[in-house]
$ cat start-v1.txt   # compact mmCIF, C-alpha atoms
# COMPACT_ATOMS: atom_id res chain seq x y z
CA MET A 1 81.38 109.10 84.46
CA LYS A 2 80.03 106.29 86.65
CA TYR A 3 79.02 106.64 90.26
CA ARG A 4 78.71 103.64 92.55
CA GLN A 5 75.69 103.13 94.75
CA ILE A 6 76.50 103.39 98.45
CA PRO A 7 76.02 99.65 99.28
CA GLN A 8 78.32 98.70 96.41
CA LEU A 9 80.93 101.23 97.53
CA PHE A 10 80.86 99.96 101.11
CA ALA A 11 81.13 96.35 100.01
CA ALA A 12 84.06 97.11 97.74
CA ILE A 13 85.96 98.82 100.53
CA ILE A 14 85.41 95.88 102.89
CA LEU A 15 86.61 93.44 100.21
CA LEU A 16 89.73 95.50 99.61
CA LEU A 17 90.62 95.64 103.26
CA LEU A 18 90.15 91.89 103.70
CA ALA A 19 91.56 90.60 100.43
CA GLY A 20 94.96 89.11 101.07
CA CYS A 21 97.99 88.81 98.93
CA SER A 22 99.49 85.36 98.42
CA ASN A 23 102.48 84.02 96.60
CA GLN A 24 100.24 81.20 95.32
CA THR A 25 97.88 81.42 92.38
CA SER A 26 94.93 82.76 94.35
CA PRO A 27 94.52 85.37 97.08
CA VAL A 28 93.98 84.46 100.71
CA LEU A 29 92.44 86.41 103.56
CA VAL A 30 95.03 87.97 105.84
CA PRO A 31 94.20 89.91 109.01
CA SER A 32 95.31 93.50 109.06
CA THR A 33 98.55 94.29 110.84
CA PRO A 34 98.48 96.75 113.74
CA SER A 35 100.54 99.92 113.57
CA PRO A 36 104.02 99.75 115.13
CA SER A 37 104.35 100.79 118.73
CA THR A 38 107.23 101.86 120.90
CA SER A 39 106.10 99.47 123.62
CA SER A 40 108.55 96.60 124.12
CA THR A 41 105.64 94.22 124.81
CA VAL A 42 104.17 94.58 121.29
CA ALA A 43 105.08 91.75 118.92
CA PRO A 44 107.19 92.63 115.87
CA VAL A 45 105.30 93.49 112.70
CA VAL A 46 104.67 90.32 110.70
CA GLN A 47 106.16 90.89 107.28
CA GLN A 48 104.77 89.97 103.86
CA PRO A 49 107.79 88.70 101.90
CA LEU A 50 108.53 89.13 98.23
CA PRO A 51 107.15 86.25 96.13
CA LYS A 52 109.59 83.37 95.83
CA GLY A 53 111.51 83.43 92.59
CA LEU A 54 110.75 87.04 91.75
CA LEU A 55 114.24 88.24 92.67
CA ASN A 56 117.53 86.52 93.44
CA ALA A 57 117.80 86.46 97.25
CA LYS A 58 121.55 87.13 97.11
CA TYR A 59 121.27 89.79 94.40
CA PRO A 60 117.74 91.25 94.73
CA VAL A 61 117.80 93.45 91.64
CA MET A 62 115.28 94.27 88.94
CA ASP A 63 116.41 95.96 85.73
CA TRP A 64 114.07 98.38 83.99
CA VAL A 65 114.45 98.20 80.23
CA PHE A 66 112.93 101.23 78.50
CA ASN A 67 111.41 100.35 75.14
CA GLN A 68 112.65 103.51 73.39
CA THR A 69 116.24 102.98 74.55
CA CYS A 70 116.38 99.20 74.67
CA SER A 71 119.44 99.26 72.38
CA LEU A 72 121.33 100.83 75.30
CA ALA A 73 120.22 97.90 77.46
CA VAL A 74 121.47 95.44 74.82
CA ASP A 75 124.87 97.21 74.82
CA SER A 76 124.93 97.17 78.63
CA TYR A 77 124.22 93.44 78.76
CA SER A 78 127.00 92.83 76.23
CA ARG A 79 129.45 94.52 78.61
CA SER A 80 128.22 92.77 81.76
CA GLN A 81 126.16 89.69 82.44
CA MET A 82 122.38 89.60 82.39
CA ASP A 83 121.64 88.44 85.93
CA ALA A 84 118.48 90.16 87.17
CA THR A 85 114.74 90.12 86.72
CA ILE A 86 113.69 92.35 83.82
CA ALA A 87 110.74 94.73 83.87
CA TYR A 88 110.18 95.66 80.24
CA ASP A 89 108.76 99.15 80.37
CA SER A 90 106.00 100.03 77.92
CA ALA A 91 105.94 96.58 76.34
CA ALA A 92 102.22 97.33 76.51
CA TRP A 93 100.80 100.83 76.11
CA LEU A 94 97.25 101.18 77.35
CA TYR A 95 94.60 103.11 75.44
CA PRO A 96 92.23 104.38 78.17
CA SER A 97 89.49 105.15 75.64
CA ASP A 98 88.61 101.49 75.09
CA GLY A 99 91.08 99.49 77.19
CA HIS A 100 93.06 97.90 74.35
CA LEU A 101 96.85 97.53 74.43
CA VAL A 102 99.53 98.15 71.83
CA GLU A 103 103.25 97.45 71.81
CA GLY A 104 105.50 100.48 72.22
CA SER A 105 108.09 101.43 69.63
CA GLN A 106 111.47 99.71 70.00
CA ASP A 107 115.01 100.56 68.93
CA CYS A 108 116.26 96.98 69.42
CA ASP A 109 115.19 93.39 68.88
CA ASN A 110 113.18 93.19 72.09
CA ASN A 111 112.07 89.62 71.47
CA ALA A 112 115.70 88.50 71.35
CA LEU A 113 116.47 90.38 74.55
CA ILE A 114 113.52 88.85 76.41
CA SER A 115 114.33 85.38 75.06
CA GLN A 116 117.91 85.74 76.30
CA ALA A 117 116.64 86.51 79.80
CA ARG A 118 114.24 83.56 79.82
CA ASN A 119 116.89 81.19 78.51
CA GLN A 120 118.94 82.14 81.54
CA GLY A 121 116.02 81.41 83.87
CA LEU A 122 115.35 85.07 84.66
CA ALA A 123 111.83 86.35 85.25
CA THR A 124 110.43 88.93 82.85
CA LEU A 125 107.61 91.25 83.85
CA LEU A 126 105.17 93.15 81.66
CA THR A 127 104.89 96.83 82.51
CA VAL A 128 101.62 98.49 81.52
CA GLY A 129 101.85 102.25 81.09
CA VAL A 130 99.87 105.10 79.57
CA ASP A 131 101.23 107.68 77.16
CA SER A 132 101.24 111.20 78.57
CA SER A 133 99.16 112.44 75.63
CA TRP A 134 96.11 111.04 77.43
CA SER A 135 94.53 113.33 80.01
CA THR A 136 94.37 112.53 83.70
CA GLN A 137 90.58 112.45 83.29
CA ASP A 138 90.88 109.78 80.58
CA LEU A 139 92.89 107.45 82.81
CA ALA A 140 90.63 108.04 85.82
CA GLN A 141 87.59 107.13 83.74
CA TYR A 142 89.36 103.99 82.52
CA ILE A 143 90.07 102.95 86.13
CA ASP A 144 86.44 103.64 87.02
CA LEU A 145 85.10 101.46 84.22
CA ALA A 146 87.69 98.70 84.60
CA SER A 147 86.94 98.34 88.31
CA SER A 148 83.15 98.34 87.81
CA GLN A 149 82.89 95.87 84.93
CA GLN A 150 81.51 92.42 85.69
CA GLN A 151 84.64 90.32 86.09
CA VAL A 152 84.80 87.03 84.19
CA PRO A 153 87.41 84.26 83.78
CA CYS A 154 90.08 85.55 81.41
CA SER A 155 89.64 83.17 78.50
CA PRO A 156 91.26 84.20 75.20
CA ALA A 157 87.87 85.51 74.08
CA ALA A 158 87.27 87.65 77.21
CA THR A 159 87.12 91.39 76.50
CA THR A 160 86.97 93.07 79.91
CA TYR A 161 89.60 95.73 80.51
CA ILE A 162 91.28 93.56 83.13
CA CYS A 163 91.29 90.49 80.89
CA ASN A 164 92.91 92.54 78.12
CA ILE A 165 95.93 92.99 80.42
CA VAL A 166 95.91 89.42 81.72
CA ASN A 167 95.67 87.87 78.26
CA TRP A 168 98.47 90.09 76.92
CA ALA A 169 100.73 88.92 79.78
CA VAL A 170 99.78 85.27 79.26
CA SER A 171 100.32 85.33 75.50
CA GLY A 172 103.67 87.09 75.96
CA GLY A 173 104.93 84.51 78.44
CA TYR A 174 105.49 87.04 81.22
CA ALA A 175 105.76 86.04 84.89
CA GLY A 176 103.60 88.94 86.00
CA VAL A 177 102.41 92.48 85.46
CA ILE A 178 103.49 95.86 86.85
CA ILE A 179 100.92 98.65 86.63
CA ASP A 180 102.69 101.97 86.15
CA PHE A 181 100.01 104.68 86.18
CA GLU A 182 101.42 108.09 87.06
CA LEU A 183 98.99 110.72 85.75
CA VAL A 184 95.51 110.23 87.19
CA LYS A 185 93.00 112.98 88.02
CA ARG A 186 93.39 113.34 91.77
CA ASP A 187 89.88 114.64 92.53
CA TYR A 188 87.97 112.17 90.37
CA PRO A 189 85.13 110.80 92.56
CA ASP A 190 86.29 107.90 94.78
CA ILE A 191 89.43 107.47 92.68
CA ARG A 192 91.52 106.07 95.56
CA MET A 193 88.98 103.33 96.26
CA LYS A 194 88.46 102.62 92.55
CA PHE A 195 92.16 102.31 91.82
CA GLY A 196 92.57 100.00 94.82
CA LEU A 197 89.66 97.87 93.59
CA PHE A 198 91.07 97.81 90.05
CA MET A 199 94.41 96.52 91.35
CA GLN A 200 92.72 93.91 93.56
CA GLU A 201 90.61 92.60 90.67
CA LEU A 202 93.64 92.52 88.38
CA GLN A 203 95.70 90.63 90.94
CA SER A 204 92.92 88.10 91.44
CA ALA A 205 92.68 87.49 87.69
CA LEU A 206 96.45 87.19 87.35
CA HIS A 207 96.65 84.74 90.25
CA GLN A 208 94.15 82.51 88.44
CA LYS A 209 96.76 82.24 85.67
CA GLY A 210 99.65 81.73 88.10
CA LEU A 211 101.04 85.24 87.48
CA LEU A 212 102.18 87.96 89.86
CA CYS A 213 100.91 91.51 90.24
CA GLY A 214 102.86 94.60 91.27
CA VAL A 215 102.37 98.36 91.22
CA THR A 216 104.67 101.37 91.06
CA LEU A 217 104.09 103.91 93.82
CA ILE A 218 104.70 107.63 93.45
CA PRO A 219 106.70 108.97 96.42
CA LYS A 220 104.52 109.97 99.34
CA PHE A 221 105.61 111.67 102.54
CA SER A 222 102.22 112.48 104.04
CA ASP A 223 98.48 112.34 103.44
CA ASN A 224 98.40 116.07 104.19
CA PRO A 225 98.73 118.10 100.96
CA GLY A 226 100.64 120.81 102.77
CA GLU A 227 103.37 118.35 103.78
CA ASP A 228 103.86 116.50 100.48
CA PRO A 229 105.09 118.26 97.31
CA SER A 230 103.87 115.31 95.20
CA TYR A 231 100.34 115.25 96.64
CA ASN A 232 98.66 116.25 93.38
CA LEU A 233 100.33 113.30 91.64
CA ASN A 234 100.09 110.58 94.29
CA ASN A 235 96.67 111.24 95.81
CA PHE A 236 94.95 108.55 93.69
CA GLN A 237 97.11 105.87 95.36
CA ASP A 238 95.87 104.70 98.76
CA TRP A 239 98.80 102.71 100.10
CA LYS A 240 96.67 100.81 102.61
CA LEU A 241 94.46 99.51 99.79
CA LEU A 242 97.48 98.69 97.62
CA SER A 243 99.52 97.02 100.36
CA ARG A 244 98.17 93.55 99.51
CA MET A 245 99.73 93.51 96.06
CA ASP A 246 102.35 90.80 95.52
CA PHE A 247 105.09 93.44 95.46
CA LEU A 248 105.44 97.22 95.56
CA ILE A 249 107.94 99.44 93.75
CA ILE A 250 108.46 102.91 95.21
CA MET A 251 109.92 105.34 92.69
CA VAL A 252 112.36 107.18 94.96
CA LEU A 253 113.55 109.47 92.19
CA ASP A 254 112.78 112.77 90.46
CA PHE A 255 112.39 114.61 93.75
CA ASP A 256 113.74 117.69 91.98
CA LEU A 257 110.82 117.71 89.55
CA ALA A 258 108.31 117.93 92.38
CA LEU A 259 110.06 121.13 93.50
CA ASN A 260 110.57 122.37 89.89
CA LYS A 261 114.18 123.35 90.50
CA PRO A 262 117.58 121.68 90.32
CA GLY A 263 118.60 119.47 93.19
CA PRO A 264 119.22 115.84 94.06
CA ILE A 265 117.18 113.42 91.94
CA THR A 266 117.31 111.10 94.93
CA SER A 267 118.91 111.35 98.36
CA VAL A 268 119.13 109.55 101.68
CA ALA A 269 117.02 112.24 103.33
CA SER A 270 114.18 111.92 100.80
CA ILE A 271 114.20 108.13 100.84
CA GLU A 272 114.15 107.99 104.62
CA LYS A 273 111.17 110.39 104.69
CA GLN A 274 109.49 107.97 102.28
CA LEU A 275 110.48 105.03 104.47
CA ASP A 276 109.03 106.76 107.52
CA TYR A 277 105.66 107.15 105.78
CA LEU A 278 105.66 103.51 104.68
CA TRP A 279 106.52 102.27 108.18
CA LYS A 280 103.74 104.32 109.74
CA THR A 281 101.17 103.37 107.08
CA ILE A 282 101.85 99.81 105.85
CA PRO A 283 104.74 98.42 107.93
CA GLN A 284 103.84 94.83 107.05
CA ALA A 285 104.72 95.51 103.39
CA LEU A 286 108.28 96.72 103.95
CA SER A 287 109.92 93.38 103.11
CA LYS A 288 108.14 93.12 99.76
CA THR A 289 108.97 96.68 98.71
CA MET A 290 111.53 97.43 95.99
CA TRP A 291 113.23 100.80 95.81
CA GLU A 292 113.53 102.27 92.31
CA LEU A 293 116.67 104.39 91.95
CA PRO A 294 117.89 106.60 89.08
CA LEU A 295 120.85 105.81 86.86
CA TYR A 296 120.44 109.05 84.91
CA GLY A 297 120.98 112.76 85.50
CA HIS A 298 118.84 115.87 85.00
CA GLY A 299 120.12 118.92 83.16
CA TRP A 300 118.75 122.37 84.16
CA GLN A 301 119.21 125.90 82.80
CA GLN A 302 118.56 129.22 84.52
CA ASP A 303 117.38 132.18 82.45
CA ALA A 304 118.15 135.86 82.93
CA SER A 305 115.22 136.30 85.32
CA GLY A 306 116.44 133.48 87.55
CA LYS A 307 113.82 130.95 86.46
CA TRP A 308 114.94 127.35 86.10
CA SER A 309 113.88 124.99 83.30
CA LYS A 310 114.65 121.30 83.02
CA LEU A 311 116.40 120.57 79.72
CA ASN A 312 116.81 116.81 79.47
CA ASP A 313 117.73 113.49 81.06
CA GLU A 314 121.38 112.52 80.75
CA THR A 315 123.16 109.19 80.84
CA CYS A 316 126.35 108.79 82.81
CA GLN A 317 128.34 108.93 79.58
CA GLN A 318 126.72 112.25 78.60
CA VAL A 319 127.57 113.72 81.99
CA SER A 320 131.19 112.63 81.56
CA ALA A 321 131.31 114.34 78.15
CA GLN A 322 130.02 117.59 79.67
CA LYS A 323 132.65 117.45 82.39
CA ALA A 324 135.30 117.38 79.70
CA ALA A 325 133.72 120.03 77.48
CA GLN A 326 132.66 122.71 79.99
CA THR A 327 134.51 125.03 82.35
CA LEU A 328 133.03 123.82 85.59
CA LEU A 329 132.12 126.07 88.51
CA PRO A 330 133.32 125.29 92.04
CA ASP A 331 130.13 126.22 93.96
CA VAL A 332 128.37 122.87 93.71
CA SER A 333 127.22 120.09 96.02
CA THR A 334 130.02 118.48 98.00
CA ASP A 335 127.84 115.64 99.26
CA PRO A 336 129.24 112.46 97.65
CA THR A 337 125.75 110.92 97.57
CA THR A 338 124.32 113.79 95.47
CA PRO A 339 126.90 114.72 92.80
CA GLU A 340 126.48 117.88 90.74
CA ILE A 341 128.31 119.84 88.04
CA ALA A 342 127.61 123.44 86.98
CA TRP A 343 128.84 125.93 84.38
CA ASN A 344 127.83 129.19 82.72
CA ASP A 345 127.06 129.19 79.01
CA GLN A 346 128.17 131.88 76.53
CA ASN A 347 125.13 133.98 77.44
CA GLY A 348 125.94 133.84 81.13
CA ASN A 349 123.12 131.44 81.97
CA ARG A 350 123.90 128.93 84.67
CA HIS A 351 123.54 125.21 83.90
CA GLU A 352 123.38 122.48 86.53
CA VAL A 353 123.39 118.72 86.15
CA TRP A 354 122.52 116.51 89.10
CA TYR A 355 123.28 112.87 88.50
CA SER A 356 124.15 109.50 90.01
CA THR A 357 127.44 107.64 90.06
CA SER A 358 128.22 104.08 91.05
CA SER A 359 129.64 105.24 94.37
CA SER A 360 126.79 107.66 95.14
CA LEU A 361 124.11 105.02 94.54
CA VAL A 362 125.90 102.40 96.62
CA ALA A 363 126.39 104.90 99.45
CA ILE A 364 122.67 105.71 99.45
CA MET A 365 121.71 102.05 99.32
CA ARG A 366 124.03 101.20 102.21
CA GLN A 367 122.50 103.86 104.46
CA VAL A 368 118.90 102.95 103.57
CA GLN A 369 119.58 99.24 103.98
CA GLY A 370 120.98 99.90 107.44
CA THR A 371 117.87 101.84 108.43
CA VAL A 372 115.56 99.04 107.22
CA ARG A 373 117.62 96.42 109.03
CA GLY A 374 117.03 98.37 112.22
CA LEU A 375 113.28 98.58 111.66
CA LEU A 376 112.99 94.89 110.81
CA LYS A 377 115.57 93.83 113.40
CA ASP A 378 117.08 91.73 110.63
CA PRO A 379 120.86 92.12 110.13
CA HIS A 380 120.72 89.95 106.99
CA TYR A 381 118.11 91.96 105.06
CA LYS A 382 119.28 92.91 101.56
CA LEU A 383 117.71 95.99 99.98
CA PRO A 384 115.59 95.01 96.93
CA ALA A 385 116.38 97.58 94.25
CA SER A 386 115.33 98.42 90.72
CA PHE A 387 117.12 100.86 88.47
CA TRP A 388 115.73 103.19 85.80
CA TYR A 389 116.97 102.48 83.27
CA ARG A 390 119.43 99.80 82.08
CA GLY A 391 121.99 101.30 79.71
CA SER A 392 122.22 104.76 81.31
CA GLU A 393 124.51 103.61 84.14
CA CYS A 394 128.19 104.34 84.67
CA ASP A 395 130.53 101.70 83.28
CA ASN A 396 131.55 100.14 86.58
CA PHE A 397 128.10 99.77 88.13
CA PHE A 398 126.78 96.44 86.82
CA GLY A 399 128.76 93.27 86.25
CA ALA A 400 131.06 90.88 88.06
CA SER A 401 133.14 92.52 90.80
CA ASN A 402 131.67 95.94 90.05
CA ALA A 403 129.92 98.32 92.45
CA LEU A 404 126.47 96.75 92.72
CA GLU A 405 127.66 93.18 93.03
CA GLN A 406 130.27 94.21 95.61
CA PHE A 407 127.56 95.97 97.63
CA TYR A 408 125.42 92.85 97.89
CA ARG A 409 128.37 90.53 98.37
CA GLY A 410 129.67 92.68 101.21
CA THR A 411 126.35 92.84 103.05

$ encode --input "start-v1.txt" --output "structure tokens"
Amino acid sequence: MKYRQIPQLFAAIILLLLAGCSNQTSPVLVPSTPSPSTSSTVAPVVQQPLPKGLLNAKYPVMDWVFNQTCSLAVDSYSRSQMDATIAYDSAAWLYPSDGHLVEGSQDCDNNALISQARNQGLATLLTVGVDSSWSTQDLAQYIDLASSQQQVPCSPAATTYICNIVNWAVSGGYAGVIIDFELVKRDYPDIRMKFGLFMQELQSALHQKGLLCGVTLIPKFSDNPGEDPSYNLNNFQDWKLLSRMDFLIIMVLDFDLALNKPGPITSVASIEKQLDYLWKTIPQALSKTMWELPLYGHGWQQDASGKWSKLNDETCQQVSAQKAAQTLLPDVSTDPTTPEIAWNDQNGNRHEVWYSTSSSLVAIMRQVQGTVRGLLKDPHYKLPASFWYRGSECDNFFGASNALEQFYRGT
């Protein structure tokens, strides 16, 4: 592994703290924003808006299309209009060993789907991910090398790790790139600084091509490991260093997995804890933050010793089928924002499925949007949302006059 010399490390940190994020094709220097204060004499926090054209201002939605289930997205779009920015997940899989990219497997004609979006004037974004077969050490070493390479203009012949990503996005006609790294060795030397530098260098190179740069953020409640169940996963992400990206996507989902037991996949309480951390840490970035919500459910089973194991992810249609097939138990969540079903199998083992419905998601979004409006003192703010993943939703969620459109129209 590589170690930076102290002068280089100090210089990199200073550059990261000063490097600004711009909606133009090159970064600008932006002074840091002071932390919010309760004093009435302190000026409101100056917000960094979402890049123009990234989302529809009246319907600020981004659809995630998962490469392995893109046929479900095609079916969903056939039932309701395609009217949102598309983030095509795993359109590029990264090989950390040498920095090259490959296209993920598809179960649909992804080129036709992307062409349909572009013909309708919708932005498409390239999502760069890493298969979980790679170790956290592998990805940390990739970040180390990518951030320390001599950066060059990304001509078609350029072979730096960053140019590999930029050139893939350019050749594919994408409007920008989302980096979705989720398994990085948390105690790799200087990994927070190196990941921040990697993202800054990538954004700079993308801006030179007129493209945008975003990053997915793993939920974070605190910088204290004792106060954050996801600390081992999110420690490599320093939000202050990442706050200058063009846009941020906070994955406010899978909170049950962090606790390793059944419970709400997302909830108002968890999202507002996340919002509190963001407001204390990078308040200036709130307006350019998207909130990624789940359209799927999680199935769990309890064994004879009382231990829980997650079985699978479930679409809304699969949950509906289980409701019809099982003898449901009454002792479940009565909170309409966190629906649950439960039953005992033939061996007496308890099963629980926590899931999302159209009404539960809209109820959560309405409460969170109200909280953000209060922080921003903006009664017209509309909550930018992304949904994992298109095709797993309930039938009346997307489309004209359905739940999501009615939410934005009514706010």

$ closest_residue --input "start-v1.txt" --among "A:Ser71, A:Gln284, A:Ser267, A:Thr127" --to "A:Val215" --atoms "all atoms listed in the file"
A:Thr127

$ closest_atom_pairs --input "start-v1.txt" --of "stretch 353-381 of chain A" --to "stretch 387-409 of chain A" --cutoff "9 Å" --atoms "all atoms listed in the file" --output "JSON lines"
{"residue": "A:Ser356", "atom": "CA", "partner": "A:Glu393", "partner_atom": "CA", "distance": 8.3}
{"residue": "A:Thr357", "atom": "CA", "partner": "A:Cys394", "partner_atom": "CA", "distance": 6.4}
{"residue": "A:Ser358", "atom": "CA", "partner": "A:Phe397", "partner_atom": "CA", "distance": 5.2}
{"residue": "A:Ser359", "atom": "CA", "partner": "A:Ala403", "partner_atom": "CA", "distance": 7.2}
{"residue": "A:Leu361", "atom": "CA", "partner": "A:Leu404", "partner_atom": "CA", "distance": 8.8}
{"residue": "A:Val362", "atom": "CA", "partner": "A:Phe407", "partner_atom": "CA", "distance": 6.7}
{"residue": "A:Met365", "atom": "CA", "partner": "A:Phe407", "partner_atom": "CA", "distance": 8.6}
{"residue": "A:Arg366", "atom": "CA", "partner": "A:Phe407", "partner_atom": "CA", "distance": 7.8}

$ closest_residue --input "start-v1.txt" --among "A:Thr338, A:Gln81, A:Ser115, A:Asn347" --to "A:Ala304" --atoms "only C-alpha atoms"
A:Asn347

$ closest_residue --input "start-v1.txt" --among "A:Leu376, A:Ala92, A:Ala269, A:Leu233" --to "A:Ala285" --atoms "all atoms listed in the file"
A:Leu376

$ residues_around --input "start-v1.txt" --residues "A:Lys377" --least-positions-apart "2" --cutoff "12 Å" --atoms "all atoms listed in the file" --output "number ranges by chain"
A: 44-47, 287, 369-375, 379-381

$ residues_around --input "start-v1.txt" --residues "stretch 85-88 of chain A" --least-positions-apart "4" --cutoff "8 Å" --atoms "all atoms listed in the file" --output "PDB file with C-alpha atoms, in the frame of the given file"
ATOM      1  CA  LEU A  54     110.750  87.040  91.750  1.00  0.00           C
ATOM      2  CA  LEU A  55     114.240  88.240  92.670  1.00  0.00           C
ATOM      3  CA  VAL A  61     117.800  93.450  91.640  1.00  0.00           C
ATOM      4  CA  MET A  62     115.280  94.270  88.940  1.00  0.00           C
ATOM      5  CA  ASP A  63     116.410  95.960  85.730  1.00  0.00           C
ATOM      6  CA  TRP A  64     114.070  98.380  83.990  1.00  0.00           C
ATOM      7  CA  VAL A  65     114.450  98.200  80.230  1.00  0.00           C
ATOM      8  CA  PHE A  66     112.930 101.230  78.500  1.00  0.00           C
ATOM      9  CA  ASN A  67     111.410 100.350  75.140  1.00  0.00           C
ATOM     10  CA  ALA A 117     116.640  86.510  79.800  1.00  0.00           C
ATOM     11  CA  LEU A 122     115.350  85.070  84.660  1.00  0.00           C
ATOM     12  CA  ALA A 123     111.830  86.350  85.250  1.00  0.00           C
ATOM     13  CA  THR A 124     110.430  88.930  82.850  1.00  0.00           C
ATOM     14  CA  LEU A 125     107.610  91.250  83.850  1.00  0.00           C
ATOM     15  CA  LEU A 126     105.170  93.150  81.660  1.00  0.00           C
ATOM     16  CA  THR A 127     104.890  96.830  82.510  1.00  0.00           C
ATOM     17  CA  ILE A 178     103.490  95.860  86.850  1.00  0.00           C
TER      18      ILE A 178
END

$ residues_around --input "start-v1.txt" --residues "A:Ser147" --least-positions-apart "4" --cutoff "7 Å" --atoms "all atoms listed in the file" --output "list in words"
Ile143, Lys194, Leu197 and Phe198 of chain A

$ atom_distance --input "start-v1.txt" --atom1 "atom CA of A:Ala158" --atom2 "atom CA of A:Arg244"
25.5 Å
